[in-house]
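Note sheet for the following structure.
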Amino acid sequence: MLNRRLLLAAGLAAPAMLRAQVAPPEGFAAPAGTFPFAPDVYRARREALMATLKDGIAVVYGASEVPDSGPFVQNGDFAWLTGIVDEPGAVLVMAPTERLYREFLFLPSRNPETERWEVERLPLGSTLERRTGIAKVMRAEMLDRLAPTLAERSKSLHFLGPIASAAAPVPPALELYGKIAARVPGTSVKDNSDLLPALREVKEPRELALMKKAAAATARGHVAAMQAVRPGMTEGQLKDILEAGFRTGGGTGLSYDSIVATGRNAASLHYRGRTGAITAGDMILIDAAASVDTYACDVTRTFPASGKFSDEQRRNYELVLSAQAAAAEKLKAGVYYEDLETAAKDVFRKAGRIDDFYHGLGHFVGLDVHDPGDRYKPIPAGAVITIEPGLYVQSGNYGIRIEDLFLVTATGNERLSAATPRSVAEIEATMAGR
Ligand code: GLY
Ligand code: MN
Ligand code: MN
């Protein structure tokens with residue numbers, strides 16, 4: 001089973017790297033234990049959540065494996081609460097008022113046939129419980145029986161989110177709660193979808209340490225790409241150099257699929273091609289970041305293939321940079337995302353370019369590259385966010401985006417991605433060394 005959070009896409013080198021960096025504590029069996037922190041860390045997070053819930057039950061589903069959809073990526077809320085990153089189909093149940101067991105982990109049954117191909121998994125028992133830090137580990141088939149029993153004793157069914165769009169499938173926790181409500185009179189579903197975002201928004205020092213490592217690895221990759229680029233290369237060749245740089249810099253995975261877009265391709269926001277040929281007059285946009293031990297980073301840089309900005313390229317680039325600076329200037333604990341957006345948009349508006357910037361200014365980052373957080377509340381100290389303004393002009397064959405990662409503090413902010421060259425002078429100096 002492949003896991004993008006744990007595995008830097010690196011062709012044949014990847015499995016060796018996976019073994020080296022994510023060695024299970026005892027034997028080669030999943031779940032190998034909690035990752036990247038010790039079981040106590042996750043237990044403390046669940047305790048904090050249960051102290052707020054007080055009663056009832058809360059069910060959190062991990063991600064399921066979707067056949068042929070690429071590497072498995074664990075659900076962020078589930079990973080944050082359990083540290084279990086490589087068990088598709090796992091479910092966590094918390095029941096704060098229970099006396100014997102207050103936490104239950106449900107894992108799919110073992111399958112000796114698939115284990116011969118993928119990974120050997122542990123049997124139920126004390127080894128599994130010690131490794132996961134969860135006192136009661138059961139098979140997934142038992143969930144339908146246990147959940148109504150718990151609900152009978154304490155009748156609030158807490159929904160921890162996230163709220164899904166009307167077009168998306170009903171979240172599995174709400175489906176389960178519907179079945180419980182049909183069988184246990186007196187139960188009610190409570191919306192607590194704001195709790196996990198509020199907890200996850202404020203990063204723990206151990207989380208920040210990994211995010212800083214991810215930012216350092218990310219810088220290494222971007223610098224490698226700036227120094228290696230030559231007209232005539234394809235986007236795919238440059239992407240391979242970028243991702244090799246992430247790995248050299250200590251990255252253990254990709255935060256998301258890297259975007260390397262040259263010329264006009266950079267004006268398409270979700271461009272994913274590899275075959276575009278880089279020509280001498282192009283600006284190249286790279287939106288890509290390493291992750292370290294499942295923690296993300298998110299950086300975009302745009303630079304001239306020639307190594308030297310033309311006057312027009314520099315004018316446009318510096319406009320985007322000043323929009324980012326205007327937002328960053330305002331950023332400290334207590335501000336609203338909207339205030340940052342207004343500051344950035346005012347810069348584009350004054351330059352008569354407001355219609356060339358047409359996406360959101362940024363988002364929270366953490367375990368997930370788009371981490372949960374409430375954009376409509378003041379941003380707290382300890383949050384990590386991006387500020388990523390851009391200008392996109394298809395008729396002019398360019399797109400420019402500048403994206404940095406900021407840790408919010410009581411008095412201002414710290415730019416975690418500062419090691420990736422950003423100003424015109426920094427980029428040209430980096431590329432001059434080619
Ligand atoms: N790389 C994804 C984003 O910038 O939001
Ligand atoms: Mn972003
Ligand atoms: Mn990005």
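Chain labels follow the order of the structure tokens: the first chain is A, the next B, and so on; residue numbering restarts at 1 in every chain, and ligands are counted from 1 in their shown order.
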| Neighbourhood of ligand 3 at 7 Å, counting only C-alpha atoms and all ligand atoms, reported as an MDAnalysis selection string | chainID A and resid 287:288 298:300 403
Preceding selection exported with C-alpha atoms as an mmCIF file, in the first residue's frame:
```cif
data_model
loop_
_atom_site.group_PDB
_atom_site.id
_atom_site.type_symbol
_atom_site.label_atom_id
_atom_site.label_comp_id
_atom_site.auth_asym_id
_atom_site.auth_seq_id
_atom_site.Cartn_x
_atom_site.Cartn_y
_atom_site.Cartn_z
ATOM 1 C CA ASP A 287 3.650 25.394 -6.940
ATOM 2 C CA ALA A 288 5.167 22.495 -5.000
ATOM 3 C CA ASP A 298 2.992 25.070 0.473
ATOM 4 C CA VAL A 299 5.171 27.343 -1.667
ATOM 5 C CA THR A 300 4.848 28.870 -5.133
ATOM 6 C CA GLU A 403 2.999 31.831 -2.174
#
```
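Selection of all polymer residues within 9 Å of ligand 1 on the basis of only C-alpha atoms and all ligand atoms gives Ser255, Tyr256, Asp257, Ser258, Ile259, His270, Asp287, Ala288, Ala289, Cys297, Asp298, Val299, Thr300, Gly360, Gly362, His363, Val369, His370, Thr386, Glu388 and Glu403 of chain A.
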| task | Enumerate the residues of stretch 18-243 of chain A with a DSSP assignment of alpha helix (DSSP H), computed from the backbone, and present them as a VMD selection string. | result | chain A and resid 18 to 21 39 to 53 76 to 82 112 to 115 126 to 132 143 to 153 172 to 181 195 to 201 205 to 228 235 to 243
| message | So that I can check the secondary structure, give me every residue of stretch 136-340 of chain A assigned strand (DSSP E or B) by backbone DSSP, as a ChimeraX atom specification. | response | /A:136-139,156-159,188-191,234,253-254,259-262,277,283-287,290-292,295,300-304
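Surrounding stretch 315-325 of chain A within 6 Å are A:Glu312, A:Ala328, A:Glu329, A:Ala344, A:Val347, A:Gly390, with only C-alpha atoms counted and residues fewer than 3 positions along the same chain left out.
Considering only C-alpha atoms and all ligand atoms, the residue among A:Leu122, A:Val365, A:Val384, A:Ala425 positioned nearest to ligand 2 is A:Val365.
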| message | Using only C-alpha atoms, which protein or nucleic acid residues come within 10 Å of A:Gly76? Drop anything in the same chain fewer than 5 positions from it, and give the result as an MDAnalysis selection string. | response | chainID A and resid 62:63 81:83 85 200 294 366:372
With the cut-off set at 10 Å and counting only C-alpha atoms, tabulate each residue of stretch 195-310 of chain A with an atom at most that distance from an atom of stretch 44-51 of chain A, showing the nearest atom pair and its distance in Å to one decimal, ordered by chain and increasing number, as a Markdown table.
```
| residue | atom | partner | partner_atom | distance |
| --- | --- | --- | --- | --- |
| A:Leu195 | CA | A:Leu49 | CA | 7.7 |
| A:Leu196 | CA | A:Leu49 | CA | 7.9 |
| A:Leu199 | CA | A:Leu49 | CA | 8.4 |
| A:Arg200 | CA | A:Arg45 | CA | 9.7 |
```
| query | Which is closer to A:Ile387 than all the others in A:Tyr358, A:Tyr42, A:Phe364, A:Phe104, using only C-alpha atoms? | reply | A:Phe364
| query | Got a sec: who's within 12 Å of A:Gln313, counting only C-alpha atoms, leaving out chain neighbours fewer than 6 positions off, as a ChimeraX atom specification? | reply | /A:263,281-284,302-307,319-320,391,396-400,424
Can you tell me which residues surround stretch 52-61 of chain A at a distance of at most 9 Å, considering only C-alpha atoms, apart from same-chain residues fewer than 5 positions away, and format the answer as a CSV table (one decimal) with N, CA, C and O atoms, in the first residue's frame?
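Result file is result08.csv:
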```csv
chain,number,residue,atom,x,y,z
A,47,GLU,N,-8.2,13.2,24.6
A,47,GLU,CA,-8.7,13.6,26.0
A,47,GLU,C,-9.2,15.1,25.9
A,47,GLU,O,-10.3,15.4,26.5
A,75,ASN,N,-7.4,10.3,6.1
A,75,ASN,CA,-8.2,11.5,6.5
A,75,ASN,C,-7.4,12.3,7.6
A,75,ASN,O,-6.9,11.7,8.6
A,77,ASP,N,-8.4,14.5,9.9
A,77,ASP,CA,-8.9,14.5,11.3
A,77,ASP,C,-8.5,13.2,12.0
A,77,ASP,O,-8.2,13.2,13.2
A,78,PHE,N,-8.7,12.1,11.3
A,78,PHE,CA,-8.4,10.8,11.9
A,78,PHE,C,-6.9,10.7,12.2
A,78,PHE,O,-6.6,10.2,13.3
A,81,LEU,N,-6.0,12.7,15.3
A,81,LEU,CA,-6.5,12.1,16.5
A,81,LEU,C,-5.9,10.8,16.9
A,81,LEU,O,-5.9,10.4,18.1
A,89,GLY,N,-9.9,2.2,6.0
A,89,GLY,CA,-11.1,1.7,6.6
A,89,GLY,C,-11.1,1.6,8.1
A,89,GLY,O,-12.0,1.0,8.7
A,90,ALA,N,-10.3,2.3,8.8
A,90,ALA,CA,-10.3,2.4,10.3
A,90,ALA,C,-11.3,3.4,10.8
A,90,ALA,O,-11.6,4.4,10.1
A,91,VAL,N,-11.8,3.1,12.0
A,91,VAL,CA,-12.9,4.0,12.6
A,91,VAL,C,-12.5,4.2,14.0
A,91,VAL,O,-12.2,3.3,14.7
A,92,LEU,N,-12.6,5.5,14.5
A,92,LEU,CA,-12.4,5.8,15.9
A,92,LEU,C,-13.7,6.2,16.6
A,92,LEU,O,-14.5,6.9,16.0
A,93,VAL,N,-14.0,5.6,17.8
A,93,VAL,CA,-15.2,6.0,18.5
A,93,VAL,C,-14.7,6.5,19.9
A,93,VAL,O,-14.0,5.8,20.6
A,94,MET,N,-15.2,7.7,20.3
A,94,MET,CA,-14.9,8.2,21.6
A,94,MET,C,-16.2,8.3,22.4
A,94,MET,O,-17.3,8.8,21.8
A,95,ALA,N,-16.2,7.9,23.6
A,95,ALA,CA,-17.4,7.9,24.5
A,95,ALA,C,-17.0,8.4,25.8
A,95,ALA,O,-16.7,7.6,26.7
A,96,PRO,N,-17.0,9.7,26.1
A,96,PRO,CA,-16.4,10.3,27.3
A,96,PRO,C,-17.0,9.8,28.6
A,96,PRO,O,-16.3,9.8,29.6
A,97,THR,N,-18.3,9.4,28.6
A,97,THR,CA,-18.9,9.0,29.9
A,97,THR,C,-18.8,7.5,30.2
A,97,THR,O,-19.2,7.0,31.3
A,98,GLU,N,-18.2,6.7,29.3
A,98,GLU,CA,-18.1,5.3,29.6
A,98,GLU,C,-17.1,5.0,30.7
A,98,GLU,O,-16.2,5.8,30.9
A,147,ALA,N,-22.0,0.7,18.6
A,147,ALA,CA,-22.4,2.1,18.6
A,147,ALA,C,-23.8,2.3,19.3
A,147,ALA,O,-24.0,3.2,20.1
A,150,LEU,N,-23.6,2.0,23.1
A,150,LEU,CA,-23.0,3.2,23.7
A,150,LEU,C,-24.1,4.3,23.7
A,150,LEU,O,-24.2,5.0,24.7
A,151,ALA,N,-24.8,4.4,22.6
A,151,ALA,CA,-25.7,5.5,22.5
A,151,ALA,C,-26.9,5.4,23.4
A,151,ALA,O,-27.5,6.3,23.8
A,153,ARG,N,-26.7,4.5,26.4
A,153,ARG,CA,-26.3,5.0,27.7
A,153,ARG,C,-26.1,6.5,27.7
A,153,ARG,O,-26.3,7.1,28.8
A,154,SER,N,-25.7,7.0,26.6
A,154,SER,CA,-25.4,8.5,26.6
A,154,SER,C,-25.8,9.0,25.2
A,154,SER,O,-25.1,8.6,24.3
A,155,LYS,N,-26.8,9.8,25.1
A,155,LYS,CA,-27.6,9.8,23.9
A,155,LYS,C,-27.2,10.9,22.8
A,155,LYS,O,-27.9,11.0,21.8
A,156,SER,N,-26.2,11.7,23.1
A,156,SER,CA,-25.8,12.7,22.1
A,156,SER,C,-24.9,12.0,21.1
A,156,SER,O,-23.9,11.4,21.5
A,157,LEU,N,-25.2,12.3,19.8
A,157,LEU,CA,-24.3,11.8,18.8
A,157,LEU,C,-23.6,13.0,18.2
A,157,LEU,O,-24.2,13.8,17.5
A,158,HIS,N,-22.3,13.1,18.5
A,158,HIS,CA,-21.6,14.3,18.1
A,158,HIS,C,-21.1,14.2,16.7
A,158,HIS,O,-20.3,13.3,16.4
A,159,PHE,N,-21.4,15.2,15.9
A,159,PHE,CA,-20.8,15.2,14.5
A,159,PHE,C,-19.7,16.1,14.5
A,159,PHE,O,-19.8,17.3,14.8
A,160,LEU,N,-18.5,15.6,14.2
A,160,LEU,CA,-17.2,16.4,14.2
A,160,LEU,C,-16.9,16.9,12.9
A,160,LEU,O,-15.8,17.5,12.7
A,161,GLY,N,-17.8,16.8,11.9
A,161,GLY,CA,-17.5,17.4,10.6
A,161,GLY,C,-16.5,16.6,9.7
A,161,GLY,O,-16.1,15.5,10.1
A,171,PRO,N,-21.7,12.1,4.8
A,171,PRO,CA,-20.5,11.6,5.6
A,171,PRO,C,-20.9,10.3,6.3
A,171,PRO,O,-22.0,10.2,6.9
A,172,PRO,N,-19.9,9.3,6.4
A,172,PRO,CA,-20.3,8.0,7.0
A,172,PRO,C,-20.7,8.2,8.4
A,172,PRO,O,-21.5,7.4,8.9
A,173,ALA,N,-20.2,9.1,9.2
A,173,ALA,CA,-20.6,9.3,10.6
A,173,ALA,C,-22.1,9.6,10.7
A,173,ALA,O,-22.8,9.1,11.5
A,176,LEU,N,-24.2,6.6,9.9
A,176,LEU,CA,-24.2,5.7,11.1
A,176,LEU,C,-25.2,6.3,12.1
A,176,LEU,O,-26.0,5.6,12.7
A,177,TYR,N,-25.1,7.6,12.4
A,177,TYR,CA,-26.0,8.2,13.3
A,177,TYR,C,-27.5,8.1,12.9
A,177,TYR,O,-28.3,7.9,13.8
A,192,ASN,N,-20.9,19.5,16.2
A,192,ASN,CA,-19.7,20.0,16.8
A,192,ASN,C,-18.6,20.1,15.7
A,192,ASN,O,-17.4,19.8,16.0
A,195,LEU,N,-15.2,22.0,16.4
A,195,LEU,CA,-14.2,21.7,17.4
A,195,LEU,C,-12.8,21.3,16.9
A,195,LEU,O,-11.8,21.8,17.3
```
| query | So which one's closest to ligand 2, A:Arg272, A:His359, A:Lys239, A:Lys136? Using only C-alpha atoms and all ligand atoms, please. | reply | A:His359
| field | Atom pair atom CA of A:Leu331 / atom CA of A:Val260: separation (Å) | value | 28.7 Å
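The residue that comes closest to A:Ile379, out of A:Ala296, A:Ala280, A:Ala198, A:Leu416 and on the basis of only C-alpha atoms, is A:Ala198.
Atom CA of A:Arg415 sits 9.8 Å away from atom CA of A:Ile385.
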| For A:Thr218: contacts at 12 Å, only C-alpha atoms, fewer than 6 positions along chain excluded, given as JSON, numbers by chain | {"A": [211, 212, 224, 225, 242, 243, 244, 245, 246, 247, 248, 249, 250, 251, 252, 253, 254, 255, 258, 286, 287, 288, 289, 290, 291, 292, 296, 297, 298, 299, 300, 301, 404, 405, 416, 417, 418, 419, 420, 421]}
Could you write out that same residue set with C-alpha atoms as an mmCIF file, in the first residue's frame?
```
data_model
loop_
_atom_site.group_PDB
_atom_site.id
_atom_site.type_symbol
_atom_site.label_atom_id
_atom_site.label_comp_id
_atom_site.auth_asym_id
_atom_site.auth_seq_id
_atom_site.Cartn_x
_atom_site.Cartn_y
_atom_site.Cartn_z
ATOM 1 C CA MET A 211 6.683 22.068 9.227
ATOM 2 C CA LYS A 212 9.952 24.017 9.491
ATOM 3 C CA ALA A 224 17.581 23.186 -7.449
ATOM 4 C CA ALA A 225 14.909 23.897 -10.072
ATOM 5 C CA LEU A 242 12.630 19.798 -8.110
ATOM 6 C CA GLU A 243 11.415 16.659 -6.338
ATOM 7 C CA ALA A 244 14.921 15.183 -6.147
ATOM 8 C CA GLY A 245 15.897 18.444 -4.410
ATOM 9 C CA PHE A 246 13.090 17.982 -1.888
ATOM 10 C CA ARG A 247 14.464 14.557 -1.071
ATOM 11 C CA THR A 248 18.060 15.791 -0.764
ATOM 12 C CA GLY A 249 16.799 18.514 1.566
ATOM 13 C CA GLY A 250 15.220 15.977 3.915
ATOM 14 C CA GLY A 251 11.701 15.769 2.508
ATOM 15 C CA THR A 252 9.934 12.473 3.118
ATOM 16 C CA GLY A 253 6.914 13.049 0.877
ATOM 17 C CA LEU A 254 5.056 15.528 -1.292
ATOM 18 C CA SER A 255 2.568 17.924 0.285
ATOM 19 C CA SER A 258 3.733 19.375 -7.812
ATOM 20 C CA ILE A 286 6.239 26.103 -9.627
ATOM 21 C CA ASP A 287 3.650 25.394 -6.940
ATOM 22 C CA ALA A 288 5.167 22.495 -5.000
ATOM 23 C CA ALA A 289 6.339 21.531 -1.540
ATOM 24 C CA ALA A 290 7.957 18.684 0.326
ATOM 25 C CA SER A 291 6.329 17.217 3.405
ATOM 26 C CA VAL A 292 8.169 15.845 6.406
ATOM 27 C CA ALA A 296 2.856 19.851 4.820
ATOM 28 C CA CYS A 297 4.319 23.011 3.404
ATOM 29 C CA ASP A 298 2.992 25.070 0.473
ATOM 30 C CA VAL A 299 5.171 27.343 -1.667
ATOM 31 C CA THR A 300 4.848 28.870 -5.133
ATOM 32 C CA ARG A 301 7.582 30.640 -7.014
ATOM 33 C CA ASP A 404 4.611 31.766 1.248
ATOM 34 C CA LEU A 405 3.928 30.046 4.528
ATOM 35 C CA LEU A 416 8.531 29.917 7.407
ATOM 36 C CA SER A 417 9.350 29.708 3.693
ATOM 37 C CA ALA A 418 11.903 32.532 3.795
ATOM 38 C CA ALA A 419 14.718 30.251 2.611
ATOM 39 C CA THR A 420 13.145 29.931 -0.855
ATOM 40 C CA PRO A 421 14.408 32.883 -2.954
#
```
| query | In Å to one decimal, how far is atom CA of A:Gln237 from atom CA of A:Ala219? | reply | 18.2 Å
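For the residues A:Leu238, A:Ala38, A:Leu208, A:Leu174, ranking by smallest atom-to-atom distance to A:Gly273 using only C-alpha atoms places A:Leu238 first.
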| query | A:Ile402, A:Val408, A:Ala32, A:Asp346: which is nearest ligand 2, counting only C-alpha atoms and all ligand atoms? | reply | A:Ile402
